[in-house]
>>> print(open('data_26.txt').read())   # compact mmCIF, C-alpha atoms
# COMPACT_ATOMS: atom_id res chain seq x y z
CA MET A 29 38.58 98.74 184.76
CA ILE A 30 35.05 98.71 183.47
CA PRO A 31 32.62 95.89 184.37
CA VAL A 32 32.84 92.89 182.06
CA SER A 33 29.14 93.14 181.15
CA HIS A 34 29.80 96.47 179.39
CA VAL A 35 32.41 94.79 177.23
CA LEU A 36 29.95 92.01 176.42
CA VAL A 37 27.28 94.53 175.40
CA TYR A 38 29.82 96.35 173.22
CA SER A 39 30.83 93.15 171.47
CA VAL A 40 27.16 92.19 170.97
CA ILE A 41 26.61 95.56 169.30
CA LEU A 42 29.58 95.02 166.99
CA PHE A 43 28.41 91.48 166.23
CA GLY A 44 24.90 92.77 165.49
CA ILE A 45 26.28 95.35 163.06
CA GLY A 46 28.18 92.53 161.35
CA VAL A 47 25.04 90.39 161.10
CA LEU A 48 23.19 93.41 159.73
CA GLY A 49 25.84 93.90 157.05
CA VAL A 50 25.59 90.27 155.95
CA LEU A 51 21.79 90.40 155.91
CA ILE A 52 21.08 93.69 154.16
CA ARG A 53 23.96 94.39 151.78
CA ARG A 54 24.02 92.90 148.28
CA ASN A 55 27.73 93.38 147.64
CA ALA A 56 29.75 90.23 148.36
CA LEU A 57 32.83 92.25 149.41
CA ILE A 58 30.93 94.21 152.04
CA MET A 59 29.41 90.95 153.31
CA LEU A 60 32.97 89.63 153.75
CA MET A 61 33.93 92.79 155.67
CA SER A 62 30.95 92.28 157.97
CA LEU A 63 32.12 88.71 158.61
CA GLU A 64 35.47 90.13 159.72
CA LEU A 65 33.63 92.47 162.07
CA MET A 66 31.83 89.51 163.66
CA MET A 67 35.13 87.67 164.19
CA ASN A 68 36.56 90.79 165.84
CA ALA A 69 33.57 90.99 168.18
CA ALA A 70 34.27 87.42 169.28
CA ASN A 71 37.95 88.30 169.75
CA ILE A 72 37.08 91.23 172.01
CA ASN A 73 35.17 88.83 174.25
CA LEU A 74 38.09 86.40 174.38
CA ILE A 75 40.57 89.12 175.30
CA ALA A 76 38.27 90.77 177.84
CA PHE A 77 37.70 87.47 179.63
CA SER A 78 41.42 86.71 179.47
CA ARG A 79 41.99 89.96 181.38
CA TYR A 80 39.15 89.42 183.83
CA LEU A 81 39.96 85.78 184.64
CA ASP A 82 43.73 86.42 184.63
CA ASN A 83 44.23 83.53 182.20
CA VAL A 84 46.37 83.89 179.10
CA ALA A 85 44.57 81.13 177.15
CA GLY A 86 42.02 83.67 175.89
CA GLN A 87 44.73 85.66 174.12
CA VAL A 88 46.14 82.48 172.55
CA PHE A 89 42.67 81.61 171.28
CA ALA A 90 42.33 85.12 169.86
CA ILE A 91 45.53 84.52 167.88
CA PHE A 92 44.02 81.36 166.40
CA VAL A 93 40.80 83.20 165.54
CA MET A 94 42.86 85.86 163.73
CA CYS A 95 44.69 83.09 161.87
CA VAL A 96 41.40 81.57 160.70
CA ALA A 97 40.06 85.03 159.81
CA ALA A 98 43.11 85.82 157.69
CA SER A 99 42.88 82.57 155.74
CA GLU A 100 39.11 83.07 155.36
CA VAL A 101 39.66 86.53 153.87
CA ALA A 102 42.27 85.19 151.45
CA ILE A 103 39.95 82.42 150.23
CA GLY A 104 36.88 84.69 150.25
CA LEU A 105 38.55 87.36 148.17
CA ALA A 106 39.89 84.71 145.76
CA ILE A 107 36.32 83.43 145.35
CA ALA A 108 35.10 87.01 144.81
CA VAL A 109 37.71 87.53 142.08
CA ALA A 110 36.74 84.20 140.44
CA LEU A 111 33.05 85.16 140.58
CA TYR A 112 33.85 88.54 139.07
CA ARG A 113 35.64 86.78 136.22
CA ASN A 114 32.58 84.61 135.58
CA LYS A 115 29.73 87.11 135.96
CA ASN A 116 31.52 90.46 135.68
CA SER A 117 29.96 91.51 138.99
CA VAL A 118 30.17 90.90 142.73
CA GLN A 119 26.49 91.65 143.40
CA ILE A 120 24.88 88.57 144.92
CA ASP A 121 21.74 89.05 142.76
CA TYR A 122 23.61 87.49 139.86
CA PHE A 123 24.65 84.32 141.68
CA ASN A 124 21.38 82.41 141.67
CA GLU A 125 22.21 79.21 139.78
CA LEU A 126 21.63 77.01 142.84
CA LYS A 127 18.14 78.42 143.34
CA GLY A 128 15.50 75.72 142.80
CA MET B 1 46.21 117.67 184.41
CA GLU B 2 45.52 115.24 187.24
CA ALA B 3 41.79 115.48 186.54
CA LEU B 4 42.39 114.82 182.84
CA THR B 5 44.38 111.65 183.51
CA GLN B 6 41.74 110.52 185.96
CA PHE B 7 39.01 111.16 183.38
CA LEU B 8 40.88 109.40 180.59
CA SER B 9 41.73 106.33 182.64
CA HIS B 10 38.03 105.88 183.39
CA TYR B 11 36.35 106.91 180.17
CA LEU B 12 38.91 106.40 177.39
CA ILE B 13 37.67 102.88 176.75
CA TYR B 14 34.06 104.08 176.41
CA ILE B 15 35.16 106.77 173.94
CA ILE B 16 37.05 104.18 171.87
CA MET B 17 34.09 101.80 171.98
CA GLY B 18 31.66 104.49 170.84
CA LEU B 19 33.92 105.59 167.98
CA SER B 20 34.42 102.01 166.82
CA VAL B 21 30.66 101.35 166.81
CA ALA B 22 30.22 104.49 164.67
CA THR B 23 32.88 103.40 162.19
CA ALA B 24 31.43 99.86 162.13
CA LEU B 25 28.09 101.36 161.11
CA GLY B 26 30.04 103.18 158.40
CA ILE B 27 31.14 99.79 156.97
CA VAL B 28 27.57 98.64 156.55
CA PHE B 29 25.88 101.84 155.41
CA SER B 30 28.44 103.44 153.06
CA LYS B 31 27.30 103.77 149.47
CA ASN B 32 30.83 103.56 148.11
CA ALA B 33 32.72 100.31 148.81
CA VAL B 34 36.02 102.20 149.17
CA HIS B 35 34.48 104.21 152.01
CA SER B 36 33.48 100.90 153.62
CA VAL B 37 37.09 99.75 153.48
CA ILE B 38 38.30 103.00 155.05
CA SER B 39 35.69 102.65 157.81
CA MET B 40 36.89 99.10 158.39
CA LEU B 41 40.47 100.37 158.71
CA PHE B 42 39.40 102.81 161.44
CA THR B 43 37.34 100.11 163.17
CA MET B 44 40.29 97.72 163.28
CA VAL B 45 42.66 100.38 164.64
CA LEU B 46 40.14 101.30 167.35
CA ILE B 47 39.64 97.63 168.27
CA ALA B 48 43.43 97.36 168.60
CA GLY B 49 43.13 100.24 171.08
CA VAL B 50 40.55 98.25 173.05
CA TYR B 51 42.94 95.28 173.16
CA LEU B 52 45.68 97.58 174.41
CA LEU B 53 43.47 98.79 177.25
CA PHE B 54 42.88 95.17 178.25
CA ASP B 55 46.63 94.59 178.74
CA ALA B 56 46.97 92.56 175.52
CA GLU B 57 49.88 94.42 173.90
CA PHE B 58 50.88 91.54 171.64
CA LEU B 59 47.32 91.06 170.36
CA ALA B 60 47.05 94.81 169.66
CA ALA B 61 50.24 94.68 167.59
CA VAL B 62 49.02 91.58 165.74
CA GLN B 63 45.66 93.24 165.12
CA LEU B 64 47.38 96.27 163.60
CA LEU B 65 49.73 94.14 161.48
CA VAL B 66 47.21 91.55 160.26
CA TYR B 67 44.04 93.61 159.88
CA ALA B 68 45.12 97.22 159.36
CA GLY B 69 48.24 96.16 157.47
CA GLY B 70 47.28 93.07 155.52
CA ILE B 71 43.57 92.42 155.22
CA ILE B 72 42.61 96.06 154.56
CA VAL B 73 45.13 96.29 151.72
CA LEU B 74 43.79 93.02 150.29
CA PHE B 75 40.21 94.33 150.46
CA LEU B 76 41.17 97.65 148.91
CA PHE B 77 43.00 95.83 146.12
CA VAL B 78 40.00 93.65 145.28
CA VAL B 79 37.51 96.54 145.58
CA LEU B 80 39.54 98.57 143.10
CA LEU B 81 39.99 95.49 140.89
CA VAL B 82 36.32 94.70 140.45
CA ALA B 83 35.43 98.15 139.03
CA LEU B 84 32.56 99.04 141.34
CA HIS B 85 31.74 102.21 139.39
CA LYS B 86 29.77 100.00 137.01
CA LEU B 87 27.51 98.89 139.85
CA GLU B 88 26.51 102.33 141.04
CA ASN B 89 22.97 102.29 139.72
CA LEU B 90 22.23 98.86 141.21
CA ARG B 91 20.24 98.22 144.36
CA LEU B 92 22.30 98.73 147.51
CA TYR B 93 20.18 96.86 150.05
CA ASN B 94 18.08 93.72 150.18
CA THR B 95 14.30 93.72 149.92
CA TYR B 96 13.80 92.71 153.55
CA SER B 97 16.18 95.30 155.04
CA LEU B 98 13.70 96.80 157.50
CA PHE B 99 12.76 93.36 158.81
CA SER B 100 16.47 92.50 159.21
CA ILE B 101 17.18 95.75 161.06
CA ILE B 102 14.32 95.08 163.50
CA LEU B 103 15.54 91.52 164.08
CA VAL B 104 19.13 92.63 164.72
CA ILE B 105 18.05 95.37 167.14
CA LEU B 106 15.94 92.76 168.94
CA LEU B 107 18.99 90.47 169.13
CA ILE B 108 21.17 93.25 170.56
CA VAL B 109 18.54 94.25 173.12
CA ILE B 110 17.84 90.70 174.30
CA LEU B 111 21.50 89.65 174.53
CA GLY B 112 22.53 93.00 176.02
CA ALA B 113 19.85 92.81 178.72
CA THR B 114 20.95 89.25 179.52
CA PHE B 115 24.60 90.26 179.86
CA LEU B 116 23.80 93.34 181.94
CA THR B 117 21.84 91.29 184.45
CA MET B 118 24.55 88.65 184.82
CA PRO B 119 26.66 88.98 188.00
CA PHE B 120 30.09 89.23 186.38
CA GLY B 121 31.44 92.05 188.50
CA GLU B 122 34.61 94.11 188.27
CA ALA B 123 38.02 93.11 186.98
CA PRO B 124 40.84 92.25 189.38
CA LYS B 125 43.22 95.16 189.88
CA VAL B 126 46.34 93.02 189.72
CA VAL B 127 46.71 90.27 187.13
CA SER B 128 49.72 88.13 187.91
CA ASN B 129 49.49 85.56 185.12
CA ILE B 130 49.16 88.01 182.26
CA VAL B 131 51.22 91.05 183.11
CA ALA B 132 54.13 89.40 184.92
CA GLY B 133 56.93 90.29 182.53
CA GLY B 134 54.51 91.61 179.89
CA SER B 135 51.66 89.78 178.21
CA THR B 136 53.82 89.01 175.15
CA GLU B 137 56.03 86.70 177.15
CA ALA B 138 53.04 85.04 178.83
CA VAL B 139 51.35 84.48 175.45
CA ALA B 140 54.53 83.04 173.97
CA MET B 141 55.07 80.70 176.92
CA SER B 142 51.52 79.41 176.61
CA LEU B 143 51.54 79.24 172.80
CA TYR B 144 54.74 77.19 172.50
CA THR B 145 54.10 74.77 175.34
CA LYS B 146 50.44 74.09 176.06
CA PHE B 147 49.01 75.03 172.66
CA ILE B 148 51.76 73.71 170.41
CA LEU B 149 49.50 71.29 168.48
CA PRO B 150 46.83 73.91 167.56
CA PHE B 151 49.70 76.24 166.64
CA GLU B 152 51.09 73.71 164.14
CA ILE B 153 47.61 73.01 162.77
CA ALA B 154 47.12 76.77 162.29
CA SER B 155 50.31 76.95 160.24
CA VAL B 156 49.02 74.12 158.00
CA LEU B 157 45.70 75.96 157.69
CA LEU B 158 47.49 79.10 156.50
CA LEU B 159 49.45 77.05 153.96
CA VAL B 160 46.22 75.48 152.66
CA ALA B 161 44.62 78.93 152.39
CA LEU B 162 47.66 80.25 150.51
CA ILE B 163 47.62 77.42 147.96
CA GLY B 164 43.83 77.54 147.67
CA ALA B 165 43.78 81.28 146.98
CA ILE B 166 46.45 80.95 144.30
CA ILE B 167 44.65 78.06 142.58
CA LEU B 168 41.24 79.75 142.77
CA THR B 169 42.46 82.91 141.09
CA LYS B 170 44.71 81.11 138.62
CA SER B 171 42.28 78.56 137.14
CA GLY B 172 40.09 81.29 135.64
CA ALA B 173 42.98 82.72 133.63
CA GLU B 174 43.90 79.38 132.05
CA GLN B 175 40.45 78.56 130.72
>>> encode(input="data_26.txt", output="structure tokens")
Amino acid sequence: MIPVSHVLVYSVILFGIGVLGVLIRRNALIMLMSLELMMNAANINLIAFSRYLDNVAGQVFAIFVMCVAASEVAIGLAIAVALYRNKNSVQIDYFNELKG
Amino acid sequence: MEALTQFLSHYLIYIIMGLSVATALGIVFSKNAVHSVISMLFTMVLIAGVYLLFDAEFLAAVQLLVYAGGIIVLFLFVVLLVALHKLENLRLYNTYSLFSIILVILLIVILGATFLTMPFGEAPKVVSNIVAGGSTEAVAMSLYTKFILPFEIASVLLLVALIGAIILTKSGAEQ
């Protein structure tokens, strides 16, 4: 098995790519996909530590994270469809009504 | 043949990790949103491979079913629904992209250096709690005894998400 620090670095890289996607893209759908990537990076940590500490609780937590991620995607995509109905676009440039 | 198995058992996980980082970059930097979805599909399958190499067979199957099977199809459906071809001449990236990229690279370097210097060490060769009778059985035993309350709350959460998604997409059509 590889050292656990390599897994941590890998999941930090995946998390960073997810943060990057949320920060630089202007398409709401791709921002949602990047959120999923961040959740998966957290899941990799949970599962790696579950293997390294020989404790199954990490895998159970990963199941709950997946559950939350699935419901988040369902709600997020429903919001995206509702926004598209309102503004005829999913670019975040058009959603600026709350700006002061 | 022996050398190949030896090589794979040591380096397969690094190969999968590298490929999944490449496809994850494909999610963020694709011009076409459909290509992003396809990249995400590959990323999720490769992450399922990583789970498999960490003796989490059940989680790998759930990852394939939930992400590669469900969420990707949902994303593809919405991406095709919102007619992205009309958005092609719009700006792809934010104004402060370069600043964001520098910040994220800084984050990765700082956190990565911290993790590499931590004395975590190697994994145990034998894992009795997880692999005794397969990790699926161990997960089920834990999920239905110790974690029964969070499990029930998760089912309510999924129900709420289901109803919420239906109401959110329905109310627009009635107005």
>>> closest_residue(input="data_26.txt", among="A:Glu125, A:Leu63, A:Leu111, A:Ala106", to="chain B", atoms="all atoms listed in the file")
A:Ala106
>>> atom_distance(input="data_26.txt", atom1="atom CA of B:Met17", atom2="atom CA of A:Ser39")
9.3 Å
>>> residues_around(input="data_26.txt", residues="A:Phe89", least_positions_apart="6", cutoff="9 Å", atoms="only C-alpha atoms", output="number ranges by chain")
A: 71, 74-75
>>> closest_residue(input="data_26.txt", among="A:Ala110, A:Cys95, A:Arg54, A:Tyr122", to="B:Leu159", atoms="all atoms listed in the file")
A:Cys95
>>> closest_residue(input="data_26.txt", among="A:Leu65, A:Met29, A:Leu60, A:Ala102", to="A:Gly46", atoms="all atoms listed in the file")
A:Leu65
